file entry.cif (mmCIF, C-alpha atoms; chains and numbers go by the auth columns)
data_entry
loop_
_atom_site.group_PDB
_atom_site.id
_atom_site.type_symbol
_atom_site.label_atom_id
_atom_site.label_comp_id
_atom_site.label_asym_id
_atom_site.label_seq_id
_atom_site.Cartn_x
_atom_site.Cartn_y
_atom_site.Cartn_z
_atom_site.B_iso_or_equiv
_atom_site.auth_seq_id
_atom_site.auth_asym_id
ATOM 1 C CA MET A 1 -37.044 39.197 43.394 0.00 27 A
ATOM 2 C CA PRO A 2 -39.043 38.181 40.303 0.00 28 A
ATOM 3 C CA VAL A 3 -36.950 37.282 37.280 0.00 29 A
ATOM 4 C CA VAL A 4 -38.055 36.784 33.693 0.00 30 A
ATOM 5 C CA VAL A 5 -35.950 34.783 31.268 0.00 31 A
ATOM 6 C CA ILE A 6 -36.623 35.459 27.605 0.00 32 A
ATOM 7 C CA GLU A 7 -35.321 32.617 25.505 0.00 33 A
ATOM 8 C CA LYS A 8 -35.052 34.570 22.254 0.00 34 A
ATOM 9 C CA ASP A 9 -32.192 35.989 20.200 0.00 35 A
ATOM 10 C CA ILE A 10 -30.674 39.338 21.164 0.00 36 A
ATOM 11 C CA SER A 11 -32.784 41.333 18.686 0.00 37 A
ATOM 12 C CA ASN A 12 -36.014 39.995 20.162 0.00 38 A
ATOM 13 C CA ARG A 13 -34.783 40.600 23.710 0.00 39 A
ATOM 14 C CA MET A 14 -33.898 44.201 22.837 0.00 40 A
ATOM 15 C CA ALA A 15 -37.339 44.739 21.310 0.00 41 A
ATOM 16 C CA SER A 16 -38.995 43.275 24.421 0.00 42 A
ATOM 17 C CA THR A 17 -37.014 45.610 26.671 0.00 43 A
ATOM 18 C CA ILE A 18 -38.034 48.640 24.619 0.00 44 A
ATOM 19 C CA ARG A 19 -41.715 47.666 24.630 0.00 45 A
ATOM 20 C CA HIS A 20 -41.571 47.179 28.398 0.00 46 A
ATOM 21 C CA ASN A 21 -39.848 50.521 29.004 0.00 47 A
ATOM 22 C CA ARG A 22 -42.286 52.328 26.717 0.00 48 A
ATOM 23 C CA ALA A 23 -45.222 50.807 28.564 0.00 49 A
ATOM 24 C CA ARG A 24 -43.755 52.103 31.833 0.00 50 A
ATOM 25 C CA GLY A 25 -43.049 55.498 30.262 0.00 51 A
ATOM 26 C CA SER A 26 -39.346 55.273 31.009 0.00 52 A
ATOM 27 C CA HIS A 27 -37.741 55.095 27.581 0.00 53 A
ATOM 28 C CA ASP A 28 -34.774 57.370 26.812 0.00 54 A
ATOM 29 C CA VAL A 29 -34.206 58.905 23.358 0.00 55 A
ATOM 30 C CA ASP A 30 -30.429 58.394 23.407 0.00 56 A
ATOM 31 C CA LEU A 31 -30.805 54.787 24.512 0.00 57 A
ATOM 32 C CA MET A 32 -33.509 54.193 21.895 0.00 58 A
ATOM 33 C CA SER A 33 -31.200 55.614 19.208 0.00 59 A
ATOM 34 C CA ASP A 34 -28.412 53.282 20.306 0.00 60 A
ATOM 35 C CA ILE A 35 -30.729 50.276 20.266 0.00 61 A
ATOM 36 C CA VAL A 36 -32.145 51.122 16.831 0.00 62 A
ATOM 37 C CA SER A 37 -28.574 51.509 15.596 0.00 63 A
ATOM 38 C CA GLU A 38 -27.589 48.119 17.013 0.00 64 A
ATOM 39 C CA LEU A 39 -30.661 46.409 15.550 0.00 65 A
ATOM 40 C CA ALA A 40 -29.976 47.903 12.119 0.00 66 A
ATOM 41 C CA ARG A 41 -26.330 46.822 12.278 0.00 67 A
ATOM 42 C CA SER A 42 -27.394 43.299 13.207 0.00 68 A
ATOM 43 C CA GLY A 43 -29.431 43.061 10.012 0.00 69 A
ATOM 44 C CA MET A 44 -32.950 43.825 11.224 0.00 70 A
ATOM 45 C CA SER A 45 -35.028 45.583 8.560 0.00 71 A
ATOM 46 C CA ASP A 46 -36.880 48.838 9.133 0.00 72 A
ATOM 47 C CA ALA A 47 -40.147 46.881 8.928 0.00 73 A
ATOM 48 C CA TRP A 48 -38.949 44.435 11.624 0.00 74 A
ATOM 49 C CA ILE A 49 -37.836 47.272 13.899 0.00 75 A
ATOM 50 C CA MET A 50 -41.105 49.191 13.479 0.00 76 A
ATOM 51 C CA LYS A 51 -43.251 46.094 14.056 0.00 77 A
ATOM 52 C CA ASN A 52 -41.343 44.699 17.027 0.00 78 A
ATOM 53 C CA ILE A 53 -40.629 47.954 18.817 0.00 79 A
ATOM 54 C CA GLY A 54 -43.942 49.602 18.003 0.00 80 A
ATOM 55 C CA MET A 55 -42.887 52.756 16.223 0.00 81 A
ATOM 56 C CA ASP A 56 -43.816 54.424 12.979 0.00 82 A
ATOM 57 C CA MET A 57 -41.491 55.304 10.096 0.00 83 A
ATOM 58 C CA ASP A 58 -41.116 58.946 11.181 0.00 84 A
ATOM 59 C CA GLU A 59 -39.918 57.965 14.649 0.00 85 A
ATOM 60 C CA LEU A 60 -37.536 55.370 13.237 0.00 86 A
ATOM 61 C CA LEU A 61 -36.111 57.928 10.819 0.00 87 A
ATOM 62 C CA ARG A 62 -35.604 60.484 13.615 0.00 88 A
ATOM 63 C CA LEU A 63 -33.811 57.923 15.777 0.00 89 A
ATOM 64 C CA LYS A 64 -31.586 56.879 12.881 0.00 90 A
ATOM 65 C CA GLN A 65 -30.747 60.519 12.177 0.00 91 A
ATOM 66 C CA LEU A 66 -29.758 61.073 15.810 0.00 92 A
ATOM 67 C CA THR A 67 -27.041 58.445 15.544 0.00 93 A
ATOM 68 C CA GLY A 68 -25.515 60.139 12.523 0.00 94 A
ATOM 69 C CA LEU A 69 -24.552 56.805 10.981 0.00 95 A
ATOM 70 C CA THR A 70 -24.983 56.569 7.232 0.00 96 A
ATOM 71 C CA ALA A 71 -24.756 52.773 7.518 0.00 97 A
ATOM 72 C CA LEU A 72 -28.258 52.790 9.030 0.00 98 A
ATOM 73 C CA PHE A 73 -29.623 53.951 5.678 0.00 99 A
ATOM 74 C CA ALA A 74 -27.686 51.414 3.592 0.00 100 A
ATOM 75 C CA ASN A 75 -30.703 49.164 2.895 0.00 101 A
ATOM 76 C CA ASN A 76 -32.967 51.985 1.746 0.00 102 A
ATOM 77 C CA GLU A 77 -33.739 52.818 -1.849 0.00 103 A
ATOM 78 C CA PHE A 78 -33.532 56.433 -2.900 0.00 104 A
ATOM 79 C CA SER A 79 -34.710 57.973 -6.127 0.00 105 A
ATOM 80 C CA ASN A 80 -32.396 59.752 -8.558 0.00 106 A
ATOM 81 C CA PHE A 81 -34.947 62.506 -9.038 0.00 107 A
ATOM 82 C CA ILE A 82 -33.333 65.934 -9.020 0.00 108 A
ATOM 83 C CA GLU A 83 -35.561 68.944 -9.279 0.00 109 A
ATOM 84 C CA GLU A 84 -34.301 71.568 -11.738 0.00 110 A
#
call {"tool": "encode", "arguments": {"input": "entry.cif", "output": "C-alpha coordinates"}}
result
Amino acid sequence: MPVVVIEKDISNRMASTIRHNRARGSHDVDLMSDIVSELARSGMSDAWIMKNIGMDMDELLRLKQLTGLTALFANNEFSNFIEE
(Lines of atoms letter the chains of each structure in order from A and count residues from 1; the text may use other names and numbers.)
(Lines give C-alpha, C1' and ligand atoms only; values in the text may rest on other atoms or scores of the structure.)
Protein backbone atom coordinates (compact mmCIF):
# COMPACT_ATOMS: atom_id res chain seq x y z
CA MET A 1 0.00 0.00 0.00
CA PRO A 2 1.49 3.37 -0.99
CA VAL A 3 1.91 5.83 1.86
CA VAL A 4 2.70 9.53 1.71
CA VAL A 5 4.17 11.32 4.69
CA ILE A 6 3.72 15.08 4.70
CA GLU A 7 6.20 16.68 7.04
CA LYS A 8 4.27 19.92 7.57
CA ASP A 9 2.25 21.41 10.41
CA ILE A 10 -1.38 20.36 10.88
CA SER A 11 -2.79 23.35 8.96
CA ASN A 12 -0.75 22.50 5.88
CA ARG A 13 -1.67 18.82 6.13
CA MET A 14 -5.36 19.71 6.34
CA ALA A 15 -5.06 21.96 3.29
CA SER A 16 -3.28 19.18 1.37
CA THR A 17 -6.04 16.71 2.23
CA ILE A 18 -8.72 19.12 1.02
CA ARG A 19 -6.91 19.82 -2.25
CA HIS A 20 -6.51 16.08 -2.83
CA ASN A 21 -10.18 15.34 -2.09
CA ARG A 22 -11.33 18.19 -4.31
CA ALA A 23 -9.18 16.91 -7.16
CA ARG A 24 -10.83 13.50 -6.77
CA GLY A 25 -14.27 15.09 -6.53
CA SER A 26 -14.94 13.57 -3.13
CA HIS A 27 -15.10 16.57 -0.82
CA ASP A 28 -18.00 16.84 1.65
CA VAL A 29 -19.59 20.19 2.59
CA ASP A 30 -19.98 19.32 6.28
CA LEU A 31 -16.40 18.09 6.51
CA MET A 32 -15.15 21.17 4.65
CA SER A 33 -17.05 23.40 7.10
CA ASP A 34 -15.45 21.60 10.04
CA ILE A 35 -11.98 21.93 8.53
CA VAL A 36 -12.43 25.64 7.75
CA SER A 37 -13.64 26.12 11.32
CA GLU A 38 -10.59 24.31 12.71
CA LEU A 39 -8.19 26.28 10.51
CA ALA A 40 -9.76 29.58 11.57
CA ARG A 41 -9.57 28.59 15.24
CA SER A 42 -5.91 27.68 14.83
CA GLY A 43 -5.16 31.21 13.65
CA MET A 44 -5.09 30.82 9.87
CA SER A 45 -6.27 33.96 8.08
CA ASP A 46 -9.01 34.00 5.46
CA ALA A 47 -6.33 34.76 2.85
CA TRP A 48 -4.27 31.73 3.95
CA ILE A 49 -7.32 29.45 3.87
CA MET A 50 -8.41 30.67 0.42
CA LYS A 51 -4.90 30.36 -1.04
CA ASN A 52 -4.03 26.97 0.44
CA ILE A 53 -7.38 25.28 -0.02
CA GLY A 54 -8.19 26.87 -3.36
CA MET A 55 -11.48 28.59 -2.68
CA ASP A 56 -12.85 32.05 -3.23
CA MET A 57 -14.22 34.43 -0.60
CA ASP A 58 -17.86 33.52 -1.31
CA GLU A 59 -17.23 29.83 -0.71
CA LEU A 60 -15.25 30.54 2.45
CA LEU A 61 -18.04 32.76 3.75
CA ARG A 62 -20.68 30.09 3.04
CA LEU A 63 -18.64 27.44 4.85
CA LYS A 64 -18.11 29.73 7.83
CA GLN A 65 -21.84 30.47 7.96
CA LEU A 66 -22.65 26.75 7.97
CA THR A 67 -20.74 26.28 11.21
CA GLY A 68 -22.71 29.01 12.93
CA LEU A 69 -19.68 30.11 14.94
CA THR A 70 -19.30 33.84 15.41
CA ALA A 71 -15.67 33.27 16.42
CA LEU A 72 -14.88 32.54 12.76
CA PHE A 73 -15.64 36.17 11.94
CA ALA A 74 -13.61 37.63 14.81
CA ASN A 75 -10.71 38.81 12.61
CA ASN A 76 -12.90 40.58 10.07
CA GLU A 77 -13.49 44.30 9.94
CA PHE A 78 -17.04 45.51 9.54
CA SER A 79 -18.22 49.00 8.78
CA ASN A 80 -20.46 51.00 11.10
CA PHE A 81 -22.53 52.18 8.16
CA ILE A 82 -26.24 52.04 8.91
CA GLU A 83 -28.64 52.94 6.17
CA GLU A 84 -31.46 55.24 7.30
call {"tool": "resolve_selection", "arguments": {"input": "entry.cif", "expression": "the PyMOL selection byres ((chain A and resi 30-37) around 8)", "output": "list in words"}}
result
Pro28, Val29, Asn38, Arg39, Met40, Ala41, Leu65, Ser68 and Met70 of chain A
call {"tool": "atom_distance", "arguments": {"input": "entry.cif", "atom1": "CA of Thr43 in chain A", "atom2": "CA of Ile79 in chain A"}}
result
9.0 Å
call {"tool": "resolve_selection", "arguments": {"input": "entry.cif", "expression": "the PyMOL selection byres ((chain A and resi 89) around 10)", "output": "list in words"}}
result
Val55, Asp56, Leu57, Met58, Ser59, Asp60, Ile61, Val62, Ser63, Met83, Asp84, Glu85, Leu86, Leu87, Arg88, Lys90, Gln91, Leu92, Thr93 and Gly94 of chain A
call {"tool": "atom_distance", "arguments": {"input": "entry.cif", "atom1": "CA of Asn78 in chain A", "atom2": "CA of Met27 in chain A"}}
result
27.3 Å
call {"tool": "atom_distance", "arguments": {"input": "entry.cif", "atom1": "CA of Trp74 in chain A", "atom2": "CA of Asp54 in chain A"}}
result
20.4 Å
call {"tool": "build_atoms", "arguments": {"input": "entry.cif", "residues": "range 78-94 of chain A", "atoms": "N, CA and C atoms", "output": "tab-separated table (two decimals), in the frame of the given file"}}
result
chain	number	residue	atom	x	y	z
A	78	ASN	N	-41.70	45.30	15.74
A	78	ASN	CA	-41.34	44.70	17.03
A	78	ASN	C	-41.10	45.71	18.14
A	79	ILE	N	-40.83	46.94	17.79
A	79	ILE	CA	-40.63	47.95	18.82
A	79	ILE	C	-41.87	48.83	18.96
A	80	GLY	N	-42.70	48.84	17.93
A	80	GLY	CA	-43.94	49.60	18.00
A	80	GLY	C	-43.75	51.07	17.70
A	81	MET	N	-43.07	51.36	16.61
A	81	MET	CA	-42.89	52.76	16.22
A	81	MET	C	-43.25	52.92	14.76
A	82	ASP	N	-43.50	54.17	14.38
A	82	ASP	CA	-43.82	54.42	12.98
A	82	ASP	C	-42.54	54.84	12.24
A	83	MET	N	-42.65	55.00	10.92
A	83	MET	CA	-41.49	55.30	10.10
A	83	MET	C	-40.85	56.64	10.47
A	84	ASP	N	-41.66	57.64	10.81
A	84	ASP	CA	-41.12	58.95	11.18
A	84	ASP	C	-40.24	58.85	12.43
A	85	GLU	N	-40.71	58.12	13.43
A	85	GLU	CA	-39.92	57.96	14.65
A	85	GLU	C	-38.63	57.20	14.37
A	86	LEU	N	-38.72	56.14	13.58
A	86	LEU	CA	-37.54	55.37	13.24
A	86	LEU	C	-36.52	56.24	12.50
A	87	LEU	N	-36.99	57.04	11.56
A	87	LEU	CA	-36.11	57.93	10.82
A	87	LEU	C	-35.43	58.93	11.75
A	88	ARG	N	-36.19	59.52	12.66
A	88	ARG	CA	-35.60	60.48	13.62
A	88	ARG	C	-34.53	59.82	14.47
A	89	LEU	N	-34.79	58.61	14.95
A	89	LEU	CA	-33.81	57.92	15.78
A	89	LEU	C	-32.56	57.57	14.98
A	90	LYS	N	-32.74	57.17	13.73
A	90	LYS	CA	-31.59	56.88	12.88
A	90	LYS	C	-30.77	58.14	12.63
A	91	GLN	N	-31.45	59.26	12.43
A	91	GLN	CA	-30.75	60.52	12.18
A	91	GLN	C	-29.96	60.97	13.40
A	92	LEU	N	-30.46	60.69	14.59
A	92	LEU	CA	-29.76	61.07	15.81
A	92	LEU	C	-28.41	60.39	15.94
A	93	THR	N	-28.30	59.17	15.42
A	93	THR	CA	-27.04	58.44	15.54
A	93	THR	C	-25.99	58.97	14.58
A	94	GLY	N	-26.45	59.59	13.49
A	94	GLY	CA	-25.52	60.14	12.52
A	94	GLY	C	-24.76	59.10	11.72
